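> Input start_29.cif, format and content: mmCIF, C-alpha atoms and all ligand atoms.
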```
data_target
loop_
_atom_site.label_atom_id
_atom_site.label_comp_id
_atom_site.auth_asym_id
_atom_site.auth_seq_id
_atom_site.Cartn_x
_atom_site.Cartn_y
_atom_site.Cartn_z
CA MET A 1 86.02 362.64 26.94
CA ASP A 2 85.89 364.66 23.76
CA ASP A 3 87.21 362.28 21.10
CA ALA A 4 87.19 365.02 18.49
CA ALA A 5 89.54 367.27 20.47
CA ASP A 6 92.64 366.34 18.46
CA ASP A 7 90.95 365.99 15.06
CA LEU A 8 92.53 367.98 12.24
CA VAL A 9 90.69 370.61 10.27
CA LEU A 10 92.08 370.30 6.76
CA PRO A 11 92.75 373.21 4.39
CA HIS A 12 89.56 372.57 2.42
CA GLY A 13 87.52 372.43 5.62
CA ALA A 14 87.04 368.69 6.02
CA ILE A 15 87.85 366.95 9.28
CA ALA A 16 90.43 364.18 9.49
CA PRO A 17 90.19 362.05 12.61
CA ALA A 18 93.27 362.17 14.81
CA GLY A 19 95.24 359.00 15.45
CA GLY A 20 96.18 356.12 13.18
CA ALA A 21 94.53 354.98 9.98
CA LEU A 22 92.29 352.60 11.96
CA ALA A 23 91.42 355.01 14.78
CA GLY A 24 87.96 354.27 16.17
CA ARG A 25 87.63 350.92 14.35
CA HIS A 26 86.61 347.89 16.34
CA LEU A 27 87.85 344.69 14.72
CA VAL A 28 87.23 341.06 15.47
CA LEU A 29 90.33 339.03 14.70
CA GLY A 30 89.49 335.35 14.22
CA LEU A 31 92.18 332.68 14.37
CA THR A 32 91.72 329.17 12.99
CA GLY A 33 94.09 326.23 13.24
CA GLY A 34 97.34 326.64 11.35
CA ILE A 35 101.02 327.24 11.96
CA ALA A 36 100.61 330.80 10.62
CA CYS A 37 98.91 331.61 13.97
CA TYR A 38 102.32 332.64 15.25
CA LYS A 39 102.32 335.60 12.84
CA VAL A 40 98.95 336.81 14.10
CA ALA A 41 100.45 337.98 17.40
CA GLU A 42 102.39 340.56 15.36
CA LEU A 43 99.29 341.36 13.28
CA ALA A 44 97.31 342.15 16.44
CA ARG A 45 100.05 344.56 17.54
CA LEU A 46 100.13 346.27 14.14
CA LEU A 47 96.34 346.73 14.07
CA ILE A 48 96.37 348.21 17.57
CA LYS A 49 99.29 350.47 16.64
CA ALA A 50 97.21 351.72 13.69
CA GLY A 51 94.50 352.75 16.17
CA ALA A 52 92.04 349.80 16.12
CA THR A 53 90.65 347.95 19.10
CA VAL A 54 91.03 344.23 18.53
CA GLN A 55 88.79 341.50 19.95
CA VAL A 56 90.17 338.02 19.38
CA ALA A 57 88.05 334.90 18.82
CA MET A 58 89.79 331.58 18.26
CA THR A 59 88.73 328.13 17.15
CA ASP A 60 89.71 325.22 19.35
CA ALA A 61 92.31 324.18 16.76
CA ALA A 62 93.89 327.65 16.83
CA THR A 63 94.53 327.32 20.58
CA ARG A 64 96.86 324.40 19.78
CA PHE A 65 99.13 326.78 17.86
CA ILE A 66 99.05 329.93 20.01
CA THR A 67 97.58 330.38 23.47
CA PRO A 68 94.57 332.60 24.16
CA LEU A 69 96.67 334.12 26.95
CA THR A 70 99.20 335.44 24.42
CA MET A 71 96.44 337.07 22.36
CA GLN A 72 94.76 338.42 25.50
CA ALA A 73 98.00 339.96 26.71
CA LEU A 74 98.57 341.65 23.33
CA THR A 75 95.04 342.97 22.89
CA GLY A 76 94.17 343.67 26.52
CA ARG A 77 90.83 341.85 26.11
CA PRO A 78 89.62 338.39 27.11
CA VAL A 79 89.71 336.00 24.16
CA PHE A 80 86.54 334.19 23.04
CA VAL A 81 87.03 330.51 22.34
CA ASP A 82 83.71 328.72 22.56
CA GLU A 83 80.06 329.59 22.31
CA TRP A 84 79.12 327.97 25.62
CA THR A 85 81.14 330.23 27.92
CA SER A 86 79.24 333.36 28.88
CA GLN A 87 81.60 336.35 29.01
CA GLY A 88 79.14 338.97 30.17
CA GLY A 89 76.29 340.73 28.39
CA ASN A 90 73.38 338.53 27.42
CA GLY A 91 75.56 335.45 27.16
CA MET A 92 75.23 335.48 23.38
CA ALA A 93 78.80 336.17 22.37
CA HIS A 94 78.19 335.59 18.66
CA ILE A 95 75.52 338.27 18.48
CA ASP A 96 77.34 340.75 20.74
CA LEU A 97 80.66 340.42 18.96
CA SER A 98 79.25 340.90 15.49
CA ARG A 99 77.03 343.80 16.61
CA GLN A 100 80.01 345.71 17.94
CA ALA A 101 82.41 345.01 15.09
CA ASP A 102 83.30 347.23 12.14
CA GLY A 103 84.86 344.22 10.45
CA ILE A 104 85.87 340.61 11.02
CA ILE A 105 89.26 339.36 9.79
CA VAL A 106 89.95 335.65 9.91
CA ALA A 107 93.71 335.06 9.85
CA PRO A 108 94.86 332.42 9.33
CA ALA A 109 91.81 331.03 7.54
CA SER A 110 92.21 327.26 7.19
CA ALA A 111 90.79 325.25 4.29
CA ASP A 112 88.32 323.69 6.73
CA PHE A 113 87.13 327.06 8.03
CA MET A 114 86.69 328.47 4.52
CA ALA A 115 84.64 325.40 3.63
CA ARG A 116 82.43 325.79 6.67
CA VAL A 117 81.73 329.49 6.10
CA ALA A 118 81.16 328.91 2.36
CA HIS A 119 78.43 326.44 3.32
CA GLY A 120 76.84 328.59 6.01
CA MET A 121 77.80 326.29 8.86
CA ALA A 122 77.82 327.55 12.44
CA ASN A 123 79.33 324.76 14.51
CA ASP A 124 81.73 326.78 16.68
CA LEU A 125 81.88 330.33 18.00
CA LEU A 126 83.92 331.81 15.14
CA SER A 127 81.83 330.30 12.33
CA THR A 128 78.64 331.32 14.19
CA LEU A 129 80.00 334.81 14.51
CA CYS A 130 80.69 334.92 10.76
CA LEU A 131 77.17 333.74 9.98
CA ALA A 132 75.54 336.17 12.43
CA ARG A 133 77.57 339.21 11.31
CA ASP A 134 76.26 342.48 9.95
CA CYS A 135 79.71 343.86 9.07
CA PRO A 136 82.28 343.08 6.36
CA LEU A 137 84.27 339.83 6.60
CA ALA A 138 87.74 339.12 5.21
CA MET A 139 89.63 335.82 5.12
CA VAL A 140 93.40 335.47 4.92
CA PRO A 141 94.02 331.90 3.77
CA ALA A 142 96.99 329.88 5.02
CA MET A 143 97.45 326.27 4.00
CA ASN A 144 99.61 323.78 2.18
CA ARG A 145 99.80 324.50 -1.57
CA GLN A 146 97.96 321.32 -2.51
CA MET A 147 95.12 322.10 -0.12
CA TRP A 148 94.87 325.59 -1.65
CA SER A 149 94.88 324.36 -5.25
CA ASN A 150 92.43 321.54 -4.54
CA PRO A 151 89.26 322.12 -6.62
CA ALA A 152 87.12 321.93 -3.47
CA THR A 153 89.04 324.82 -1.82
CA GLN A 154 88.96 326.81 -5.06
CA ARG A 155 85.19 326.25 -5.27
CA ASN A 156 84.79 327.42 -1.69
CA ALA A 157 86.96 330.51 -2.29
CA ALA A 158 84.85 331.39 -5.35
CA GLN A 159 81.67 330.98 -3.27
CA LEU A 160 83.05 333.22 -0.50
CA ARG A 161 83.96 335.92 -3.04
CA ALA A 162 80.49 335.63 -4.57
CA ASP A 163 79.07 336.17 -1.07
CA ASP A 164 81.04 339.44 -0.85
CA ILE A 165 83.66 338.07 1.53
CA ALA A 166 87.13 339.49 0.84
CA ILE A 167 89.97 337.02 0.37
CA TRP A 168 93.47 338.46 0.81
CA GLY A 169 96.29 336.33 -0.56
CA PRO A 170 97.53 333.70 -0.25
CA ASP A 171 101.16 334.48 -0.88
CA SER A 172 103.57 332.27 -2.71
CA GLY A 173 106.87 330.96 -1.35
CA ASP A 174 108.40 328.61 1.22
CA GLN A 175 105.85 326.80 3.37
CA ALA A 176 106.16 325.45 6.91
CA CYS A 177 105.58 321.93 5.51
CA GLY A 178 108.78 322.27 3.44
CA GLU A 179 107.01 322.73 0.10
CA VAL A 180 107.11 325.81 -2.09
CA GLY A 181 104.05 327.34 -3.75
CA ASP A 182 100.78 329.24 -3.24
CA GLY A 183 99.13 329.00 0.17
CA ARG A 184 101.36 330.95 2.54
CA MET A 185 99.61 333.55 4.67
CA LEU A 186 100.33 337.19 3.77
CA GLU A 187 102.87 338.87 6.06
CA PRO A 188 101.37 340.83 9.00
CA GLU A 189 102.31 344.22 7.47
CA ALA A 190 100.53 343.33 4.22
CA ILE A 191 97.41 342.23 6.16
CA ARG A 192 97.49 345.47 8.17
CA ASP A 193 97.73 347.43 4.90
CA ALA A 194 94.83 345.46 3.44
CA VAL A 195 92.71 346.26 6.51
CA ILE A 196 93.53 349.96 6.18
CA ALA A 197 92.70 349.89 2.46
CA TRP A 198 89.40 348.11 3.29
CA PHE A 199 88.26 351.05 5.43
CA THR A 200 89.67 353.90 3.34
CA PRO A 201 87.12 355.89 1.29
CA LYS A 202 87.87 355.30 -2.39
CA VAL A 203 88.32 358.98 -3.25
CA LEU A 204 90.76 358.19 -6.10
CA GLN A 205 88.83 355.27 -7.60
CA GLY A 206 89.43 355.12 -11.35
CA LYS A 207 92.45 357.47 -11.23
CA ARG A 208 95.99 356.63 -12.32
CA VAL A 209 98.65 357.99 -10.00
CA VAL A 210 102.34 358.03 -10.91
CA ILE A 211 104.77 358.82 -8.10
CA THR A 212 108.55 359.30 -8.07
CA ALA A 213 110.30 358.60 -4.77
CA GLY A 214 113.66 358.20 -3.12
CA PRO A 215 117.02 359.60 -4.20
CA THR A 216 118.74 359.13 -7.55
CA PHE A 217 122.23 357.68 -7.83
CA GLU A 218 124.55 359.20 -10.42
CA PRO A 219 127.59 356.99 -11.08
CA ILE A 220 131.16 358.24 -11.07
CA ASP A 221 132.58 354.80 -11.84
CA PRO A 222 131.21 351.23 -11.34
CA VAL A 223 131.60 351.42 -7.55
CA ARG A 224 131.15 355.11 -6.70
CA GLY A 225 128.43 357.64 -7.23
CA ILE A 226 126.63 360.75 -6.06
CA THR A 227 123.37 360.49 -4.19
CA ASN A 228 121.48 362.28 -1.39
CA ARG A 229 119.85 361.59 1.96
CA SER A 230 116.29 360.94 0.76
CA SER A 231 114.99 357.71 2.36
CA GLY A 232 111.91 357.39 0.13
CA LYS A 233 109.61 357.14 3.18
CA MET A 234 107.35 360.06 2.23
CA GLY A 235 106.95 358.93 -1.41
CA TYR A 236 106.23 355.34 -0.37
CA ALA A 237 103.68 356.52 2.22
CA ILE A 238 101.94 358.57 -0.48
CA ALA A 239 101.94 355.57 -2.85
CA ARG A 240 100.35 353.44 -0.13
CA ALA A 241 97.74 356.10 0.70
CA ALA A 242 96.86 356.54 -3.00
CA ALA A 243 96.45 352.77 -3.47
CA ASN A 244 94.29 352.60 -0.34
CA ALA A 245 92.14 355.37 -1.81
CA GLY A 246 91.43 353.17 -4.83
CA ALA A 247 93.95 354.58 -7.35
CA ASP A 248 95.97 352.53 -9.82
CA VAL A 249 99.46 353.42 -8.56
CA THR A 250 102.87 353.20 -10.21
CA LEU A 251 105.81 354.06 -7.98
CA ILE A 252 109.04 354.91 -9.81
CA SER A 253 111.69 354.59 -7.17
CA GLY A 254 115.35 355.41 -6.84
CA PRO A 255 117.47 353.14 -4.59
CA THR A 256 115.83 352.74 -1.14
CA ALA A 257 115.72 350.05 1.54
CA LEU A 258 111.89 350.01 1.58
CA PRO A 259 109.57 347.18 0.49
CA ALA A 260 107.00 347.98 -2.23
CA PRO A 261 103.67 348.91 -0.61
CA TRP A 262 100.91 346.34 -1.02
CA GLY A 263 98.90 346.85 -4.20
CA VAL A 264 101.43 349.25 -5.77
CA ARG A 265 103.37 348.60 -9.02
CA ARG A 266 107.02 349.57 -8.47
CA ILE A 267 109.60 350.33 -11.14
CA ASP A 268 113.18 350.52 -9.83
CA VAL A 269 115.57 353.04 -11.35
CA GLU A 270 118.94 354.45 -10.41
CA THR A 271 119.71 357.64 -12.30
CA ALA A 272 117.67 360.77 -13.05
CA GLN A 273 117.72 359.89 -16.74
CA GLN A 274 116.30 356.42 -16.04
CA MET A 275 113.67 358.00 -13.80
CA ARG A 276 112.68 360.42 -16.57
CA GLU A 277 112.39 357.59 -19.14
CA ALA A 278 110.27 355.49 -16.78
CA VAL A 279 107.97 358.45 -16.01
CA GLN A 280 107.51 359.29 -19.68
CA ALA A 281 106.82 355.65 -20.60
CA VAL A 282 104.25 355.23 -17.82
CA LEU A 283 102.54 358.54 -18.63
CA LEU A 284 102.45 357.79 -22.36
CA THR A 285 98.79 356.80 -22.30
CA PRO A 286 95.56 358.27 -23.64
CA ASP A 287 94.28 358.95 -20.10
CA ARG A 288 97.36 361.08 -19.28
CA ALA A 289 95.29 364.23 -18.73
CA ARG A 290 93.15 362.36 -16.20
CA SER A 291 96.18 361.02 -14.31
CA VAL A 292 97.99 362.48 -11.32
CA PHE A 293 101.78 362.88 -11.19
CA ILE A 294 103.34 363.35 -7.75
CA ALA A 295 107.07 364.09 -7.88
CA VAL A 296 108.44 363.27 -4.45
CA ALA A 297 111.89 362.04 -5.54
CA ALA A 298 114.98 364.00 -4.59
CA VAL A 299 116.39 364.03 -8.11
CA ALA A 300 120.07 364.94 -8.49
CA ASP A 301 120.28 368.25 -10.33
CA TRP A 302 123.59 367.29 -11.94
CA ARG A 303 125.42 364.10 -12.89
CA PRO A 304 129.12 363.49 -13.60
CA ALA A 305 129.70 364.40 -17.25
CA SER A 306 131.12 360.94 -17.95
CA ALA A 307 131.17 357.88 -15.72
CA ALA A 308 134.38 355.82 -15.91
CA ASN A 309 133.87 352.26 -17.20
CA GLU A 310 136.45 350.91 -14.77
CA LYS A 311 137.07 351.69 -11.14
CA ILE A 312 139.17 354.83 -10.79
CA LYS A 313 142.34 353.78 -8.93
CA ARG A 314 144.11 355.69 -6.25
CA SER A 315 147.47 356.75 -7.64
CA ASP A 316 150.17 359.28 -7.11
CA ASP A 317 148.44 361.51 -9.63
CA PRO A 318 146.51 364.46 -8.29
CA ALA A 319 142.98 363.67 -7.04
CA PRO A 320 140.50 363.52 -9.93
CA THR A 321 138.21 366.49 -10.56
CA LEU A 322 134.63 365.90 -11.61
CA ALA A 323 132.87 367.80 -14.36
CA PHE A 324 129.05 367.89 -14.15
CA VAL A 325 126.21 368.21 -16.62
CA GLU A 326 122.64 369.13 -15.77
CA ASN A 327 119.98 366.47 -15.36
CA PRO A 328 116.52 366.82 -16.90
CA ASP A 329 113.88 368.40 -14.66
CA ILE A 330 111.33 365.58 -14.75
CA LEU A 331 108.48 367.43 -13.06
CA ARG A 332 108.90 370.55 -15.18
CA GLU A 333 108.95 368.50 -18.40
CA VAL A 334 105.76 366.64 -17.47
CA ALA A 335 103.94 369.79 -16.30
CA HIS A 336 104.95 371.75 -19.44
CA GLY A 337 104.19 368.85 -21.83
CA PRO A 338 101.01 368.28 -23.83
CA ASN A 339 97.85 367.26 -21.88
CA PRO A 340 99.65 367.39 -18.54
CA PRO A 341 98.37 365.26 -15.68
CA TYR A 342 97.47 366.98 -12.40
CA CYS A 343 101.00 367.66 -11.11
CA VAL A 344 102.11 367.84 -7.49
CA GLY A 345 105.67 368.90 -6.65
CA PHE A 346 107.73 368.78 -3.48
CA ALA A 347 110.25 371.32 -2.28
CA ALA A 348 112.67 370.39 0.48
CA GLU A 349 114.43 373.57 1.56
CA THR A 350 116.83 374.41 4.34
CA ASN A 351 115.63 378.06 4.58
CA ASP A 352 113.16 380.62 3.13
CA LEU A 353 110.59 377.91 2.42
CA ASP A 354 107.75 380.25 1.40
CA THR A 355 109.81 382.24 -1.08
CA TYR A 356 111.41 379.21 -2.74
CA ALA A 357 108.17 377.22 -2.76
CA ALA A 358 106.22 380.01 -4.49
CA GLU A 359 108.98 380.49 -7.05
CA LYS A 360 109.23 376.73 -7.68
CA ARG A 361 105.49 376.31 -8.08
CA ALA A 362 105.41 379.03 -10.74
CA ARG A 363 108.59 377.89 -12.52
CA LYS A 364 107.48 374.26 -12.68
CA ARG A 365 103.85 375.22 -13.40
CA VAL A 366 102.29 372.88 -10.82
CA PRO A 367 98.91 373.59 -9.19
CA LEU A 368 99.99 372.12 -5.85
CA LEU A 369 103.40 372.19 -4.21
CA VAL A 370 104.27 370.54 -0.90
CA GLY A 371 107.01 372.33 1.01
CA ASN A 372 109.08 371.09 3.91
CA LEU A 373 112.30 371.92 5.68
CA GLY A 374 114.28 368.99 4.28
CA HIS A 375 117.24 368.88 6.60
CA LEU A 376 114.84 368.19 9.49
CA THR A 377 112.91 365.36 7.86
CA PHE A 378 115.30 363.20 5.78
CA GLY A 379 115.00 359.59 6.94
CA LYS A 380 112.65 360.46 9.83
CA ASP A 381 109.19 358.94 10.35
CA ASP A 382 107.43 362.24 10.84
CA ASN A 383 107.32 365.44 8.92
CA GLU A 384 105.93 368.97 8.89
CA ILE A 385 104.59 370.20 5.58
CA VAL A 386 102.93 373.25 4.08
CA LEU A 387 100.72 373.08 0.99
CA PHE A 388 101.05 375.92 -1.53
CA ASP A 389 98.37 376.51 -4.16
CA ASP A 390 96.60 379.40 -5.93
CA ALA A 391 94.82 380.27 -2.66
CA GLY A 392 98.06 380.62 -0.67
CA ARG A 393 99.81 378.58 2.00
CA HIS A 394 98.14 375.89 4.14
CA PRO A 395 100.32 374.48 6.93
CA LEU A 396 99.48 370.99 8.18
CA PRO A 397 100.16 370.04 11.79
CA ARG A 398 103.30 367.98 12.37
CA GLY A 399 102.52 364.28 11.98
CA ASP A 400 103.86 360.90 10.96
CA LYS A 401 104.46 360.49 7.25
CA ALA A 402 101.64 357.93 6.86
CA SER A 403 99.05 360.35 8.33
CA LEU A 404 100.34 363.28 6.26
CA ALA A 405 100.25 361.10 3.13
CA ARG A 406 96.57 360.26 3.79
CA ILE A 407 95.76 363.94 4.28
CA LEU A 408 97.63 364.90 1.11
CA ILE A 409 95.76 362.28 -0.92
CA GLY A 410 92.47 363.66 0.46
CA GLU A 411 93.57 367.18 -0.53
CA ILE A 412 94.48 366.07 -4.06
CA ALA A 413 91.17 364.20 -4.46
CA HIS A 414 89.28 367.27 -3.22
CA ARG A 415 91.04 369.53 -5.77
CA LEU A 416 90.44 367.05 -8.62
CA ALA A 417 86.75 366.85 -7.74
CA ALA A 418 86.49 370.65 -7.47
CA SER A 419 88.18 371.22 -10.85
CA ALA A 420 85.90 368.61 -12.48
CA SER A 421 82.69 370.13 -11.07
CA PRO A 422 80.80 372.37 -13.53
CA SER A 423 80.42 375.14 -10.89
CA SER A 424 84.19 375.54 -10.51
CA PRO A 425 85.62 378.78 -11.92
N1 LIG B 501 112.36 367.46 -9.64
C1 LIG B 501 112.34 366.68 -10.77
N2 LIG B 501 113.47 366.57 -11.53
C2 LIG B 501 114.61 367.21 -11.19
C3 LIG B 501 114.62 368.00 -10.03
C4 LIG B 501 113.50 368.11 -9.27
O1 LIG B 501 111.31 366.07 -11.08
N3 LIG B 501 115.67 367.08 -11.94
C5 LIG B 501 111.13 367.60 -8.85
C6 LIG B 501 111.23 367.02 -7.45
O2 LIG B 501 110.79 365.67 -7.43
C7 LIG B 501 110.31 367.93 -6.66
C8 LIG B 501 110.46 369.27 -7.36
O3 LIG B 501 110.91 368.98 -8.68
O4 LIG B 501 108.96 367.57 -6.78
C9 LIG B 501 111.38 370.23 -6.69
O5 LIG B 501 112.64 369.65 -6.51
P1 LIG B 501 113.86 370.52 -5.97
O6 LIG B 501 115.10 369.67 -6.01
O7 LIG B 501 113.48 371.13 -4.67
O8 LIG B 501 113.87 371.63 -7.07
P2 LIG B 501 114.95 372.16 -8.03
O9 LIG B 501 114.26 372.58 -9.27
O10 LIG B 501 116.04 371.15 -8.21
O11 LIG B 501 115.47 373.43 -7.26
P3 LIG B 501 116.71 373.65 -6.23
O12 LIG B 501 117.49 372.36 -6.20
O13 LIG B 501 117.44 374.79 -6.79
O14 LIG B 501 116.05 373.97 -4.92
#
```
Spit out the file's structure as structure tokens when you get a sec.


Amino acid sequence: MDDAADDLVLPHGAIAPAGGALAGRHLVLGLTGGIACYKVAELARLLIKAGATVQVAMTDAATRFITPLTMQALTGRPVFVDEWTSQGGNGMAHIDLSRQADGIIVAPASADFMARVAHGMANDLLSTLCLARDCPLAMVPAMNRQMWSNPATQRNAAQLRADDIAIWGPDSGDQACGEVGDGRMLEPEAIRDAVIAWFTPKVLQGKRVVITAGPTFEPIDPVRGITNRSSGKMGYAIARAAANAGADVTLISGPTALPAPWGVRRIDVETAQQMREAVQAVLLTPDRARSVFIAVAAVADWRPASAANEKIKRSDDPAPTLAFVENPDILREVAHGPNPPYCVGFAAETNDLDTYAAEKRARKRVPLLVGNLGHLTFGKDDNEIVLFDDAGRHPLPRGDKASLARILIGEIAHRLAASASPSSP
């Protein structure tokens, strides 16, 4: 079978593999004993959905919390539990598994397991596999807060980091033991995002990226307002892709129902004016000219001239009429300001995309404008976009917003690198 058949040829000529962010990756997912094992069933599903193949290995203690059969059913592969059972090949599961893997993720990683790996012990299959590996290893700790803060665990965590083993989390919050504090395992979505970030080339390392996303909400009175149908999904996907590519990301978001992507700093705003103030404050830094500003938000063009301080009551009077004033154009202001960052605009149109996009790109003075037919994409998980730049129009194949966001980040990184190279015109 030709795996490359569905790969995408990007506008600048590079190839993006088809499929999810983890397409073609073979991961070993190691489970050790802890109540957080129940969350790893969902993690396995998320990793597979992102395109990875997942081979599970469990310690004996882990099998007390979730059955190998459950993990086998979810991954479609027999689960490895001990080093004495030959499951094909040369009978040396620890060598075979680590040879085939692109990465090993131990989740949950118990205090005991971290201690054993920190000391180079190999007294069960999973620890042997970790010692015999020639691929990256990540641990996702899960334990009671006192076990986590114990100096011995902290010493072991420091040793693991020094040995180039990634440690993701732990989270803080309610624990299964009834206590509250540090030690909770990261949620499956956050672990999936960390795995994706782990494998993403760091094409924006050292860059600051500021992104606006979502709708704005312009109040009429304390309970009513004017907004639009933007869900924020595209802007959040771009923020996640930029963070995965190594950028320092600030997401300035209007009201959405979405959680902040892992590793992204989010500033919540409501109105266009608040969004403008937040953007200006964040971009008020000496490295402004080396930053990237991506305006994805659907900013209201107008706001009610004056918002009532009290709820407007229904009465026998005629229905109220609203007077509007224009909102600031945030993208235009940034792009026309001193030392502008590299600016990327979006244009959601219902018709005549090419004409409006070209006009908008010139009016706002942005090197790159992303056009889409907005009424088809609001709130949806996939999108169809066209990139407009000095060289013309570059349509991208229809795809889910996460894939398109990754491609867009690659395109931006490529343009930044080209404009920084001495041979560029
Ligand atoms: N934008 C902005 N501030 C505004 C309006 C728009 O920063 N007040 C940004 C959007 O985030 C987007 C781009 O400008 O990146 C284009 O937005 P759009 O609403 O399509 O453009 P408008 O200039 O408002 O043009 P029109 O509504 O007439 O299509």

> Which neighbours of segment 45-60 of chain A fall inside 6 Å, counting all atoms listed in the file, when residues of the same chain fewer than 6 positions from it are skipped, and could you give them as an NGL selection string?

:A and (20-23 or 25-32 or 79-81)

> Enter the distance from atom CA of Ser315 of chain A to atom CA of Thr271 of chain A, in Å, rounded to one decimal.

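Going from atom CA of Ser315 of chain A over to atom CA of Thr271 of chain A covers 28.2 Å.
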
> Kindly work out which residues sit at most 10 Å from ligand LIG 501 (chain B), using only C-alpha atoms and all ligand atoms, and give the list as a VMD selection string.

chain A and resid 211 to 216 235 272 to 273 275 to 276 279 293 to 302 326 to 335 343 to 350 353 356 to 357 359 to 361 363 to 364 366 369 to 372 374

> Quick one: residues within 10 Å of (98.0, 367.6, 2.9) (file frame), counting all atoms listed in the file, please, as a compact mmCIF listing (two decimals) with C-alpha atoms, in the coordinates of the input.


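Generated output (out_23.txt):
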```txt
# COMPACT_ATOMS: atom_id res chain seq x y z
CA LEU A 10 92.08 370.30 6.76
CA PRO A 11 92.75 373.21 4.39
CA HIS A 12 89.56 372.57 2.42
CA VAL A 370 104.27 370.54 -0.90
CA ILE A 385 104.59 370.20 5.58
CA VAL A 386 102.93 373.25 4.08
CA LEU A 387 100.72 373.08 0.99
CA PHE A 388 101.05 375.92 -1.53
CA HIS A 394 98.14 375.89 4.14
CA PRO A 395 100.32 374.48 6.93
CA LEU A 396 99.48 370.99 8.18
CA PRO A 397 100.16 370.04 11.79
CA SER A 403 99.05 360.35 8.33
CA LEU A 404 100.34 363.28 6.26
CA ALA A 405 100.25 361.10 3.13
CA ARG A 406 96.57 360.26 3.79
CA ILE A 407 95.76 363.94 4.28
CA LEU A 408 97.63 364.90 1.11
CA ILE A 409 95.76 362.28 -0.92
CA GLY A 410 92.47 363.66 0.46
CA GLU A 411 93.57 367.18 -0.53
CA ILE A 412 94.48 366.07 -4.06
```

> If I take atom CA of Lys380 of chain A and atom CA of Ile226 of chain A, how far is one from the other in Å, to one decimal?

21.2 Å

> In terms of the shortest atom-to-atom distance over all atoms listed in the file, which of A:Leu186, A:Met139, A:Ile191, A:Ala413 is closest to Lys207 of chain A?

A:Ala413

> Measure the distance from atom CA of Gly181 of chain A to atom CA of Thr153 of chain A in Å and round it to one decimal.

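Here the two named atoms are 15.3 Å from each other.
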
> Excluding same-chain residues fewer than 4 positions from Pro136 of chain A, what lies within 8 Å of it counting only C-alpha atoms, as a PyMOL selection string?

chain A and resi 102-104+165

> As a compact mmCIF listing (two decimals), in the coordinates of the input, please: segment 107-116 of chain A completed to N, CA, C and O atoms.


```txt
# COMPACT_ATOMS: atom_id res chain seq x y z
N ALA A 107 92.31 335.27 10.25
CA ALA A 107 93.71 335.06 9.85
C ALA A 107 94.41 334.24 10.93
O ALA A 107 94.44 334.68 12.07
N PRO A 108 94.94 333.08 10.62
CA PRO A 108 94.86 332.42 9.33
C PRO A 108 93.49 331.79 9.13
O PRO A 108 92.86 331.37 10.10
N ALA A 109 93.05 331.73 7.86
CA ALA A 109 91.81 331.03 7.54
C ALA A 109 92.20 329.68 6.96
O ALA A 109 92.85 329.61 5.91
N SER A 110 91.85 328.61 7.66
CA SER A 110 92.21 327.26 7.19
C SER A 110 91.26 326.83 6.08
O SER A 110 90.17 327.40 5.91
N ALA A 111 91.64 325.78 5.35
CA ALA A 111 90.79 325.25 4.29
C ALA A 111 89.46 324.80 4.89
O ALA A 111 88.38 325.03 4.33
N ASP A 112 89.53 324.18 6.06
CA ASP A 112 88.32 323.69 6.73
C ASP A 112 87.40 324.86 7.09
O ASP A 112 86.19 324.81 6.86
N PHE A 113 87.98 325.94 7.61
CA PHE A 113 87.13 327.06 8.03
C PHE A 113 86.49 327.74 6.81
O PHE A 113 85.30 328.08 6.83
N MET A 114 87.26 327.88 5.74
CA MET A 114 86.69 328.47 4.52
C MET A 114 85.52 327.62 4.03
O MET A 114 84.48 328.13 3.61
N ALA A 115 85.70 326.30 4.08
CA ALA A 115 84.64 325.40 3.63
C ALA A 115 83.39 325.57 4.48
O ALA A 115 82.26 325.64 3.97
N ARG A 116 83.60 325.68 5.78
CA ARG A 116 82.43 325.79 6.67
C ARG A 116 81.68 327.09 6.43
O ARG A 116 80.45 327.11 6.33
```
